[in-house]
file run17.pdb (PDB, C-alpha atoms)
ATOM      1  CA  ARG A   1      12.540  10.821  20.641
ATOM      2  CA  ILE A   2      11.739   8.709  23.720
ATOM      3  CA  TRP A   3       8.028   9.515  23.396
ATOM      4  CA  LEU A   4       7.971   8.604  19.680
ATOM      5  CA  LEU A   5       9.839   5.343  20.255
ATOM      6  CA  ALA A   6       7.355   4.356  22.954
ATOM      7  CA  ARG A   7       4.138   5.611  21.362
ATOM      8  CA  ALA A   8       4.651   5.731  17.605
ATOM      9  CA  PRO A   9       7.476   3.383  16.539
ATOM     10  CA  ALA A  10       5.740   2.681  13.213
ATOM     11  CA  LEU A  11       5.916   6.380  12.373
ATOM     12  CA  ILE A  12       9.700   6.603  12.540
ATOM     13  CA  GLY A  13      10.780   3.003  11.860
ATOM     14  CA  GLY A  14      10.867   3.473   8.104
ATOM     15  CA  LEU A  15      11.322   7.225   7.910
ATOM     16  CA  PRO A  16      14.301   8.380   5.816
ATOM     17  CA  GLY A  17      16.555  10.843   7.601
ATOM     18  CA  ILE A  18      16.034   9.342  11.042
ATOM     19  CA  PRO A  19      19.335   7.917  12.369
ATOM     20  CA  PRO A  20      19.627   4.183  11.644
ATOM     21  CA  ALA A  21      20.101   3.347  15.330
ATOM     22  CA  VAL A  22      16.786   5.028  16.174
ATOM     23  CA  ARG A  23      14.990   3.346  13.278
ATOM     24  CA  ASP A  24      16.418   0.019  14.400
ATOM     25  CA  GLN A  25      15.185   0.536  17.947
ATOM     26  CA  ALA A  26      11.706   1.492  16.733
ATOM     27  CA  ASN A  27      11.459  -1.445  14.340
ATOM     28  CA  ARG A  28      12.635  -3.978  16.893
ATOM     29  CA  ARG A  29       9.960  -2.719  19.271
ATOM     30  CA  ARG A  30       7.396  -3.109  16.524
ATOM     31  CA  LEU A  31       8.687  -6.579  15.706
ATOM     32  CA  ALA A  32       8.513  -7.762  19.325
ATOM     33  CA  ALA A  33       5.016  -6.306  19.716
ATOM     34  CA  GLU A  34       3.814  -7.924  16.484
ATOM     35  CA  GLN A  35       5.262 -11.268  17.520
ATOM     36  CA  ALA A  36       3.553 -11.093  20.923
ATOM     37  CA  ARG A  37       0.238 -10.033  19.355
ATOM     38  CA  LEU A  38       0.262 -12.913  16.882
ATOM     39  CA  GLN A  39       1.134 -15.415  19.615
ATOM     40  CA  ARG A  40      -1.775 -14.190  21.769
ATOM     41  CA  GLU A  41      -4.190 -14.249  18.860
ATOM     42  CA  ARG A  42      -3.093 -17.731  17.811
ATOM     43  CA  ALA A  43      -3.498 -19.050  21.358
ATOM     44  CA  GLY A  44      -7.015 -17.587  21.495
ATOM     45  CA  VAL A  45      -8.056 -19.120  18.169
ATOM     46  CA  ALA A  46      -6.543 -22.495  19.106
ATOM     47  CA  ALA A  47      -8.436 -22.450  22.420
ATOM     48  CA  GLU A  48     -11.687 -21.552  20.642
ATOM     49  CA  LEU A  49     -11.205 -24.411  18.191
ATOM     50  CA  ALA A  50     -10.472 -26.830  21.041
ATOM     51  CA  ARG A  51     -13.634 -25.729  22.893
ATOM     52  CA  LEU A  52     -15.730 -26.125  19.757
ATOM     53  CA  ARG A  53     -14.521 -29.683  19.306
ATOM     54  CA  ALA A  54     -14.724 -30.603  22.997
ATOM     55  CA  ASP A  55     -18.264 -29.267  23.456
ATOM     56  CA  SER A  56     -19.671 -30.809  20.297
ATOM     57  CA  THR A  57     -21.500 -34.108  20.018
ATOM     58  CA  TRP A  58     -21.773 -36.321  16.981
ATOM     59  CA  LEU A  59     -25.152 -34.702  16.366
ATOM     60  CA  ASP A  60     -23.600 -31.216  16.421
ATOM     61  CA  ARG A  61     -21.203 -32.243  13.690
ATOM     62  CA  TRP A  62     -24.165 -32.932  11.444
ATOM     63  CA  THR A  63     -25.730 -29.570  12.252
ATOM     64  CA  PRO A  64     -25.631 -27.148   9.288
ATOM     65  CA  GLY A  65     -22.867 -24.607   9.808
ATOM     66  CA  TRP A  66     -20.795 -26.598  12.327
ATOM     67  CA  ASN A  67     -18.170 -27.625   9.791
ATOM     68  CA  GLU A  68     -18.034 -24.049   8.502
ATOM     69  CA  GLN A  69     -17.149 -22.832  12.016
ATOM     70  CA  GLU A  70     -14.398 -25.414  12.351
ATOM     71  CA  ASP A  71     -13.059 -24.682   8.871
ATOM     72  CA  ALA A  72     -13.020 -20.939   9.545
ATOM     73  CA  LEU A  73     -11.032 -21.415  12.756
ATOM     74  CA  GLN A  74      -8.589 -23.799  11.077
ATOM     75  CA  THR A  75      -8.096 -21.337   8.227
ATOM     76  CA  ARG A  76      -7.451 -18.539  10.703
ATOM     77  CA  LEU A  77      -4.883 -20.711  12.497
ATOM     78  CA  LEU A  78      -3.125 -21.396   9.207
ATOM     79  CA  ILE A  79      -2.947 -17.671   8.399
ATOM     80  CA  LEU A  80      -1.616 -16.860  11.867
ATOM     81  CA  ASP A  81       1.008 -19.613  11.605
ATOM     82  CA  ARG A  82       2.238 -18.123   8.333
ATOM     83  CA  GLN A  83       2.391 -14.641   9.824
ATOM     84  CA  LEU A  84       4.295 -15.985  12.827
ATOM     85  CA  ASP A  85       6.731 -17.778  10.519
ATOM     86  CA  ARG A  86       7.538 -14.399   8.948
ATOM     87  CA  VAL A  87       8.198 -12.483  12.158
ATOM     88  CA  ASP A  88       9.957 -15.466  13.756
ATOM     89  CA  GLY A  89      12.145 -15.773  10.667
ATOM     90  CA  LEU A  90      13.147 -12.133  10.949
ATOM     91  CA  GLN A  91      13.862 -12.374  14.684
ATOM     92  CA  THR A  92      15.957 -15.506  14.172
ATOM     93  CA  ALA A  93      17.918 -13.978  11.298
ATOM     94  CA  LEU A  94      18.725 -10.824  13.266
ATOM     95  CA  GLY A  95      20.043 -12.885  16.160
ATOM     96  CA  GLY A  96      21.879 -15.422  14.030
ATOM     97  CA  VAL A  97      23.918 -12.898  12.066
ATOM     98  CA  VAL A  98      25.360 -11.533  15.309
ATOM     99  CA  ALA A  99      25.873 -14.922  16.968
ATOM    100  CA  ASP A 100      28.361 -16.176  14.359
ATOM    101  CA  PRO A 101      31.815 -14.827  15.356
ATOM    102  CA  ARG A 102      33.046 -15.127  11.766
ATOM    103  CA  ASN A 103      30.780 -12.220  10.826
ATOM    104  CA  ARG A 104      32.529  -9.729  13.149
ATOM    105  CA  LEU A 105      29.194  -8.064  13.912
ATOM    106  CA  ALA A 106      28.168  -6.722  17.303
ATOM    107  CA  PRO A 107      24.436  -6.210  17.995
ATOM    108  CA  GLY A 108      24.906  -2.492  17.408
ATOM    109  CA  ASP A 109      26.281  -3.135  13.908
ATOM    110  CA  VAL A 110      22.992  -4.592  12.593
ATOM    111  CA  TYR A 111      20.225  -2.127  11.742
ATOM    112  CA  LEU A 112      16.644  -3.099  10.983
ATOM    113  CA  LEU A 113      15.750  -0.111   8.813
ATOM    114  CA  GLY A 114      12.238  -1.276   8.045
ATOM    115  CA  PHE A 115       9.904  -4.256   7.846
ATOM    116  CA  ASP A 116       6.335  -5.107   6.933
ATOM    117  CA  PRO A 117       4.857  -8.450   8.088
ATOM    118  CA  HIS A 118       1.888  -8.354   5.702
ATOM    119  CA  ARG A 119       1.515 -10.535   2.595
ATOM    120  CA  ASP A 120       4.904 -12.235   2.029
ATOM    121  CA  GLY A 121       6.584  -9.557   4.139
ATOM    122  CA  THR A 122       9.430  -7.133   3.506
ATOM    123  CA  ALA A 123      12.537  -6.121   5.434
ATOM    124  CA  VAL A 124      15.573  -3.880   5.029
ATOM    125  CA  ILE A 125      18.634  -4.769   7.123
ATOM    126  CA  ALA A 126      21.963  -2.938   7.073
ATOM    127  CA  LEU A 127      25.222  -4.466   8.274
ATOM    128  CA  GLY A 128      27.057  -1.346   9.336
ATOM    129  CA  ASP A 129      25.679   2.187   9.648
ATOM    130  CA  PRO A 130      25.039   3.465   6.095
ATOM    131  CA  THR A 131      25.125   7.092   7.245
ATOM    132  CA  ARG A 132      28.751   6.707   8.382
ATOM    133  CA  ALA A 133      30.007   4.376   5.663
ATOM    134  CA  SER A 134      32.355   5.399   2.890
ATOM    135  CA  THR A 135      30.953   2.646   0.672
ATOM    136  CA  ILE A 136      27.497   1.047   0.575
ATOM    137  CA  GLY A 137      26.408  -2.155  -1.138
ATOM    138  CA  VAL A 138      22.734  -3.007  -1.639
ATOM    139  CA  LEU A 139      21.778  -6.624  -2.327
ATOM    140  CA  VAL A 140      18.340  -7.283  -3.830
ATOM    141  CA  PRO A 141      17.140 -10.914  -3.585
ATOM    142  CA  GLY A 142      15.119 -12.565  -6.305
ATOM    143  CA  MET A 143      12.780 -15.518  -6.677
ATOM    144  CA  ASP A 144      10.919 -17.004  -3.692
ATOM    145  CA  ASN A 145      12.480 -14.792  -1.014
ATOM    146  CA  THR A 146      10.069 -13.734   1.724
ATOM    147  CA  LEU A 147      10.243 -12.472   5.276
ATOM    148  CA  ALA A 148      10.050 -16.067   6.511
ATOM    149  CA  ASN A 149      13.403 -16.900   4.856
ATOM    150  CA  ILE A 150      15.041 -13.472   5.203
ATOM    151  CA  ALA A 151      18.052 -15.372   6.578
ATOM    152  CA  ASN A 152      18.952 -16.289   2.978
ATOM    153  CA  PRO A 153      19.401 -12.757   1.546
ATOM    154  CA  LEU A 154      20.943 -11.682   4.845
ATOM    155  CA  SER A 155      23.427 -14.543   4.478
ATOM    156  CA  ASN A 156      24.346 -13.196   1.033
ATOM    157  CA  ALA A 157      25.034  -9.792   2.580
ATOM    158  CA  VAL A 158      27.196 -11.423   5.257
ATOM    159  CA  ASN A 159      29.135 -13.366   2.629
ATOM    160  CA  LEU A 160      29.820 -10.161   0.683
ATOM    161  CA  ARG A 161      31.067  -8.563   3.893
ATOM    162  CA  ARG A 162      33.368 -11.531   4.570
ATOM    163  CA  THR A 163      34.704 -11.286   1.014
ATOM    164  CA  SER A 164      35.500  -7.642   1.696
ATOM    165  CA  ASP A 165      37.397  -8.730   4.801
ATOM    166  CA  ASP A 166      39.401 -11.257   2.768
ATOM    167  CA  LEU A 167      40.203  -8.990  -0.170
ATOM    168  CA  ALA A 168      40.414  -5.502   1.322
ATOM    169  CA  GLY A 169      40.871  -6.109   5.044
ATOM    170  CA  PRO A 170      38.744  -5.417   8.138
ATOM    171  CA  ALA A 171      39.662  -1.724   8.182
ATOM    172  CA  VAL A 172      37.932  -1.256   4.813
ATOM    173  CA  THR A 173      35.033  -3.534   5.735
ATOM    174  CA  ASP A 174      34.342  -1.518   8.881
ATOM    175  CA  ARG A 175      33.843   1.574   6.707
ATOM    176  CA  THR A 176      31.441  -0.322   4.458
ATOM    177  CA  SER A 177      27.714  -0.896   4.930
ATOM    178  CA  VAL A 178      26.075  -3.874   3.211
ATOM    179  CA  VAL A 179      22.275  -3.744   2.985
ATOM    180  CA  ALA A 180      19.953  -6.703   2.399
ATOM    181  CA  TRP A 181      16.985  -5.017   0.695
ATOM    182  CA  LEU A 182      13.899  -7.226   0.616
ATOM    183  CA  GLY A 183      11.661  -4.250  -0.024
ATOM    184  CA  TYR A 184       9.395  -5.704  -2.691
ATOM    185  CA  ASP A 185       7.202  -8.715  -3.425
ATOM    186  CA  THR A 186       9.565 -11.192  -5.083
ATOM    187  CA  PRO A 187       8.382 -13.446  -7.920
ATOM    188  CA  ASN A 188       7.633 -17.112  -7.487
ATOM    189  CA  LEU A 189       8.690 -19.822  -9.925
ATOM    190  CA  ALA A 190       5.747 -19.195 -12.240
ATOM    191  CA  GLU A 191       6.325 -15.427 -12.285
ATOM    192  CA  VAL A 192      10.099 -15.265 -12.615
ATOM    193  CA  ALA A 193      10.055 -15.321 -16.435
ATOM    194  CA  PHE A 194       8.275 -11.952 -16.429
ATOM    195  CA  ASP A 195       9.382  -8.587 -15.051
ATOM    196  CA  ASP A 196       6.089  -7.491 -13.467
ATOM    197  CA  LYS A 197       7.358  -7.863  -9.880
ATOM    198  CA  ALA A 198      10.642  -6.141 -10.737
ATOM    199  CA  GLN A 199       8.832  -3.219 -12.367
ATOM    200  CA  ALA A 200       6.495  -2.911  -9.373
ATOM    201  CA  GLY A 201       9.391  -2.957  -6.898
ATOM    202  CA  ALA A 202      11.743  -0.684  -8.844
ATOM    203  CA  PRO A 203      10.358   2.665  -7.568
ATOM    204  CA  GLU A 204      10.818   1.535  -3.958
ATOM    205  CA  LEU A 205      14.406   0.494  -4.631
ATOM    206  CA  VAL A 206      15.196   3.739  -6.482
ATOM    207  CA  GLY A 207      13.716   5.727  -3.603
ATOM    208  CA  PHE A 208      15.739   3.775  -1.049
ATOM    209  CA  VAL A 209      19.015   4.305  -2.919
ATOM    210  CA  ASP A 210      18.217   8.025  -3.260
ATOM    211  CA  ASP A 211      17.614   8.149   0.511
ATOM    212  CA  LEU A 212      20.990   6.532   1.110
ATOM    213  CA  ARG A 213      22.684   9.157  -1.049
TER     214      ARG A 213
END
call {"tool": "encode", "arguments": {"input": "run17.pdb", "output": "structure tokens"}}
result
Amino acid sequence: RIWLLARAPALIGGLPGIPPAVRDQANRRRLAAEQARLQRERAGVAAELARLRADSTWLDRWTPGWNEQEDALQTRLLILDRQLDRVDGLQTALGGVVADPRNRLAPGDVYLLGFDPHRDGTAVIALGDPTRASTIGVLVPGMDNTLANIANPLSNAVNLRRTSDDLAGPAVTDRTSVVAWLGYDTPNLAEVAFDDKAQAGAPELVGFVDDLR
């Protein structure tokens, strides 16, 4: 287990059947590594762009291909900024849900069961261990939810948990796991009238619920 966590966290981070605490540890390692990698890469691209501008003369700027180099570096910076927004958003959300005392969540109560920083990004976060819970709720966010604003669907999961506290009491809530499942590419405003994204994401959701059972 120690060797896999250190050498192959991506292998076990999203693997059904692995204890949630182990998956969480693997995914948080992956998340920290991805965040550090993107920060290094962004710093390198920003430095390269700064050198290009500093070393160029007015004549260079009229040289064929110079603007293409600058544009390519600026485009790469924009892509890296978006990727960093996604992983930073996830890191912030994971910390914020624990920091609020009203949520009654210790760090060990929040499980990052999986994430993917590519495209708009995906993440699966459980509040409470689903393998020990007597009841599990799965919340699936809709339009315009991405990894960058994962705090929104996670906030919905927290609110459901608080409602459980109010209506059933903390003893029941502590035996309940609430999962924020952003495991698919959500539709944007132009796509929300159609069910293409829902149909594409449905098999993943069905598989996840089967895994929980």
call {"tool": "closest_residue", "arguments": {"input": "run17.pdb", "among": "A:Ala6, A:Ala133, A:Ala21, A:Leu15", "to": "Gly108 of chain A", "atoms": "all atoms listed in the file"}}
result
A:Ala21
call {"tool": "closest_residue", "arguments": {"input": "run17.pdb", "among": "A:Arg213, A:Ser164, A:Val158, A:Asp174", "to": "Asp100 of chain A", "atoms": "only C-alpha atoms"}}
result
A:Val158
call {"tool": "resolve_selection", "arguments": {"input": "run17.pdb", "expression": "the PyMOL selection byres ((chain A and resi 5) around 10)", "output": "number ranges by chain"}}
result
A: 1-4, 6-13, 22-23, 25-27, 29-30
call {"tool": "closest_residue", "arguments": {"input": "run17.pdb", "among": "A:Leu112, A:Leu189, A:Leu94, A:Val124", "to": "Gly142 of chain A", "atoms": "all atoms listed in the file"}}
result
A:Leu189
call {"tool": "closest_residue", "arguments": {"input": "run17.pdb", "among": "A:Gly14, A:Leu38, A:Gly128, A:Arg162", "to": "Arg102 of chain A", "atoms": "all atoms listed in the file"}}
result
A:Arg162
call {"tool": "atom_distance", "arguments": {"input": "run17.pdb", "atom1": "atom CA of Gln39 of chain A", "atom2": "atom CA of Gly114 of chain A"}}
result
21.4 Å
call {"tool": "residues_around", "arguments": {"input": "run17.pdb", "residues": "Asn188 of chain A", "least_positions_apart": "3", "cutoff": "8 Å", "atoms": "all atoms listed in the file", "output": "number ranges by chain"}}
result
A: 143-144, 191-192
call {"tool": "atom_distance", "arguments": {"input": "run17.pdb", "atom1": "atom CA of Ala72 of chain A", "atom2": "atom CA of Gly89 of chain A"}}
result
25.7 Å
call {"tool": "residues_near_point", "arguments": {"input": "run17.pdb", "point": "(11.3, -4.3, -8.5)", "cutoff": "10 Å", "atoms": "all atoms listed in the file", "output": "ChimeraX atom specification"}}
result
/A:140,142,182-187,195-206
call {"tool": "residues_near_point", "arguments": {"input": "run17.pdb", "point": "(31.4, 8.5, 9.5)", "cutoff": "12 Å", "atoms": "all atoms listed in the file", "output": "list in words"}}
result
Gly128, Asp129, Pro130, Thr131, Arg132, Ala133, Ser134, Thr135, Asp174, Arg175, Thr176 and Ser177 of chain A
call {"tool": "write_last_selection", "arguments": {"input": "run17.pdb", "atoms": "C-alpha atoms", "output": "PDB file, in the frame of the given file"}}
result
ATOM      1  CA  GLY A 128      27.057  -1.346   9.336  1.00  0.00           C
ATOM      2  CA  ASP A 129      25.679   2.187   9.648  1.00  0.00           C
ATOM      3  CA  PRO A 130      25.039   3.465   6.095  1.00  0.00           C
ATOM      4  CA  THR A 131      25.125   7.092   7.245  1.00  0.00           C
ATOM      5  CA  ARG A 132      28.751   6.707   8.382  1.00  0.00           C
ATOM      6  CA  ALA A 133      30.007   4.376   5.663  1.00  0.00           C
ATOM      7  CA  SER A 134      32.355   5.399   2.890  1.00  0.00           C
ATOM      8  CA  THR A 135      30.953   2.646   0.672  1.00  0.00           C
ATOM      9  CA  ASP A 174      34.342  -1.518   8.881  1.00  0.00           C
ATOM     10  CA  ARG A 175      33.843   1.574   6.707  1.00  0.00           C
ATOM     11  CA  THR A 176      31.441  -0.322   4.458  1.00  0.00           C
ATOM     12  CA  SER A 177      27.714  -0.896   4.930  1.00  0.00           C
TER      13      SER A 177
END
call {"tool": "atom_distance", "arguments": {"input": "run17.pdb", "atom1": "atom CA of Asp109 of chain A", "atom2": "atom CA of Val209 of chain A"}}
result
19.8 Å
call {"tool": "residues_around", "arguments": {"input": "run17.pdb", "residues": "Pro141 of chain A", "least_positions_apart": "5", "cutoff": "9 Å", "atoms": "only C-alpha atoms", "output": "VMD selection string"}}
result
chain A and resid 152 to 153 156 180 to 182 186
call {"tool": "axis_aligned_box", "arguments": {"input": "run17.pdb", "around": "segment 155-163 of chain A", "padding_each_side": "8 Å", "output": "lines of an AutoDock Vina configuration file"}}
result
center_x = 29.1
center_y = -11.6
center_z = 3.0
size_x = 27.3
size_y = 22.0
size_z = 20.6
call {"tool": "resolve_selection", "arguments": {"input": "run17.pdb", "expression": "the PyMOL selection byres ((chain A and resi 74-83) around 8)", "output": "list of chain:residue names"}}
result
A:Leu38, A:Glu41, A:Arg42, A:Val45, A:Ala46, A:Leu49, A:Glu70, A:Asp71, A:Ala72, A:Leu73, A:Leu84, A:Asp85, A:Arg86, A:Val87, A:Pro117, A:His118
call {"tool": "build_atoms", "arguments": {"input": "run17.pdb", "residues": "segment 193-204 of chain A", "atoms": "all heavy atoms", "output": "PDB file, in the coordinates of the input"}}
result
ATOM      1  N   ALA A 193       9.749 -15.566 -15.019  1.00  0.00           N
ATOM      2  CA  ALA A 193      10.055 -15.321 -16.435  1.00  0.00           C
ATOM      3  C   ALA A 193       9.594 -13.942 -16.893  1.00  0.00           C
ATOM      4  O   ALA A 193       9.960 -13.499 -17.984  1.00  0.00           O
ATOM      5  CB  ALA A 193       9.400 -16.398 -17.302  1.00  0.00           C
ATOM      6  N   PHE A 194       8.804 -13.269 -16.062  1.00  0.00           N
ATOM      7  CA  PHE A 194       8.275 -11.952 -16.429  1.00  0.00           C
ATOM      8  C   PHE A 194       8.835 -10.900 -15.476  1.00  0.00           C
ATOM      9  O   PHE A 194       9.310 -11.212 -14.384  1.00  0.00           O
ATOM     10  CB  PHE A 194       6.745 -11.964 -16.369  1.00  0.00           C
ATOM     11  CG  PHE A 194       6.140 -13.093 -17.165  1.00  0.00           C
ATOM     12  CD1 PHE A 194       5.788 -14.284 -16.542  1.00  0.00           C
ATOM     13  CD2 PHE A 194       5.955 -12.980 -18.528  1.00  0.00           C
ATOM     14  CE1 PHE A 194       5.241 -15.338 -17.269  1.00  0.00           C
ATOM     15  CE2 PHE A 194       5.410 -14.016 -19.263  1.00  0.00           C
ATOM     16  CZ  PHE A 194       5.057 -15.205 -18.630  1.00  0.00           C
ATOM     17  N   ASP A 195       8.767  -9.636 -15.868  1.00  0.00           N
ATOM     18  CA  ASP A 195       9.382  -8.587 -15.051  1.00  0.00           C
ATOM     19  C   ASP A 195       8.361  -7.758 -14.276  1.00  0.00           C
ATOM     20  O   ASP A 195       8.691  -6.682 -13.783  1.00  0.00           O
ATOM     21  CB  ASP A 195      10.258  -7.684 -15.921  1.00  0.00           C
ATOM     22  CG  ASP A 195       9.438  -6.823 -16.877  1.00  0.00           C
ATOM     23  OD1 ASP A 195       8.226  -7.065 -17.011  1.00  0.00           O
ATOM     24  OD2 ASP A 195      10.020  -5.908 -17.483  1.00  0.00           O
ATOM     25  N   ASP A 196       7.137  -8.264 -14.149  1.00  0.00           N
ATOM     26  CA  ASP A 196       6.089  -7.491 -13.467  1.00  0.00           C
ATOM     27  C   ASP A 196       6.486  -7.128 -12.037  1.00  0.00           C
ATOM     28  O   ASP A 196       6.335  -5.972 -11.615  1.00  0.00           O
ATOM     29  CB  ASP A 196       4.773  -8.278 -13.440  1.00  0.00           C
ATOM     30  CG  ASP A 196       4.261  -8.635 -14.825  1.00  0.00           C
ATOM     31  OD1 ASP A 196       5.042  -9.224 -15.597  1.00  0.00           O
ATOM     32  OD2 ASP A 196       3.099  -8.340 -15.129  1.00  0.00           O
ATOM     33  N   LYS A 197       6.984  -8.116 -11.276  1.00  0.00           N
ATOM     34  CA  LYS A 197       7.358  -7.863  -9.880  1.00  0.00           C
ATOM     35  C   LYS A 197       8.541  -6.906  -9.797  1.00  0.00           C
ATOM     36  O   LYS A 197       8.610  -6.058  -8.898  1.00  0.00           O
ATOM     37  CB  LYS A 197       7.669  -9.183  -9.172  1.00  0.00           C
ATOM     38  CG  LYS A 197       6.463 -10.118  -9.011  1.00  0.00           C
ATOM     39  CD  LYS A 197       5.440  -9.511  -8.064  1.00  0.00           C
ATOM     40  CE  LYS A 197       4.247 -10.421  -7.837  1.00  0.00           C
ATOM     41  NZ  LYS A 197       4.550 -11.573  -6.989  1.00  0.00           N
ATOM     42  N   ALA A 198       9.480  -7.038 -10.720  1.00  0.00           N
ATOM     43  CA  ALA A 198      10.642  -6.141 -10.737  1.00  0.00           C
ATOM     44  C   ALA A 198      10.214  -4.712 -11.040  1.00  0.00           C
ATOM     45  O   ALA A 198      10.676  -3.757 -10.398  1.00  0.00           O
ATOM     46  CB  ALA A 198      11.656  -6.618 -11.774  1.00  0.00           C
ATOM     47  N   GLN A 199       9.318  -4.555 -12.022  1.00  0.00           N
ATOM     48  CA  GLN A 199       8.832  -3.219 -12.367  1.00  0.00           C
ATOM     49  C   GLN A 199       8.066  -2.595 -11.198  1.00  0.00           C
ATOM     50  O   GLN A 199       8.199  -1.396 -10.931  1.00  0.00           O
ATOM     51  CB  GLN A 199       7.931  -3.286 -13.607  1.00  0.00           C
ATOM     52  CG  GLN A 199       8.648  -3.701 -14.882  1.00  0.00           C
ATOM     53  CD  GLN A 199       9.585  -2.622 -15.407  1.00  0.00           C
ATOM     54  OE1 GLN A 199       9.589  -1.502 -14.917  1.00  0.00           O
ATOM     55  NE2 GLN A 199      10.390  -2.969 -16.403  1.00  0.00           N
ATOM     56  N   ALA A 200       7.278  -3.426 -10.502  1.00  0.00           N
ATOM     57  CA  ALA A 200       6.495  -2.911  -9.373  1.00  0.00           C
ATOM     58  C   ALA A 200       7.396  -2.509  -8.205  1.00  0.00           C
ATOM     59  O   ALA A 200       7.112  -1.538  -7.493  1.00  0.00           O
ATOM     60  CB  ALA A 200       5.488  -3.968  -8.920  1.00  0.00           C
ATOM     61  N   GLY A 201       8.501  -3.248  -8.022  1.00  0.00           N
ATOM     62  CA  GLY A 201       9.391  -2.957  -6.898  1.00  0.00           C
ATOM     63  C   GLY A 201      10.435  -1.902  -7.185  1.00  0.00           C
ATOM     64  O   GLY A 201      11.034  -1.340  -6.254  1.00  0.00           O
ATOM     65  N   ALA A 202      10.663  -1.610  -8.467  1.00  0.00           N
ATOM     66  CA  ALA A 202      11.743  -0.684  -8.844  1.00  0.00           C
ATOM     67  C   ALA A 202      11.626   0.694  -8.203  1.00  0.00           C
ATOM     68  O   ALA A 202      12.625   1.228  -7.707  1.00  0.00           O
ATOM     69  CB  ALA A 202      11.814  -0.565 -10.361  1.00  0.00           C
ATOM     70  N   PRO A 203      10.437   1.332  -8.182  1.00  0.00           N
ATOM     71  CA  PRO A 203      10.358   2.665  -7.568  1.00  0.00           C
ATOM     72  C   PRO A 203      10.765   2.673  -6.091  1.00  0.00           C
ATOM     73  O   PRO A 203      11.409   3.625  -5.632  1.00  0.00           O
ATOM     74  CB  PRO A 203       8.877   3.043  -7.732  1.00  0.00           C
ATOM     75  CG  PRO A 203       8.416   2.256  -8.909  1.00  0.00           C
ATOM     76  CD  PRO A 203       9.158   0.960  -8.817  1.00  0.00           C
ATOM     77  N   GLU A 204      10.427   1.615  -5.365  1.00  0.00           N
ATOM     78  CA  GLU A 204      10.818   1.535  -3.958  1.00  0.00           C
ATOM     79  C   GLU A 204      12.330   1.447  -3.827  1.00  0.00           C
ATOM     80  O   GLU A 204      12.941   2.083  -2.964  1.00  0.00           O
ATOM     81  CB  GLU A 204      10.162   0.319  -3.296  1.00  0.00           C
ATOM     82  CG  GLU A 204       8.659   0.431  -3.128  1.00  0.00           C
ATOM     83  CD  GLU A 204       8.268   1.483  -2.127  1.00  0.00           C
ATOM     84  OE1 GLU A 204       9.061   1.770  -1.207  1.00  0.00           O
ATOM     85  OE2 GLU A 204       7.153   2.037  -2.254  1.00  0.00           O
TER      86      GLU A 204
END
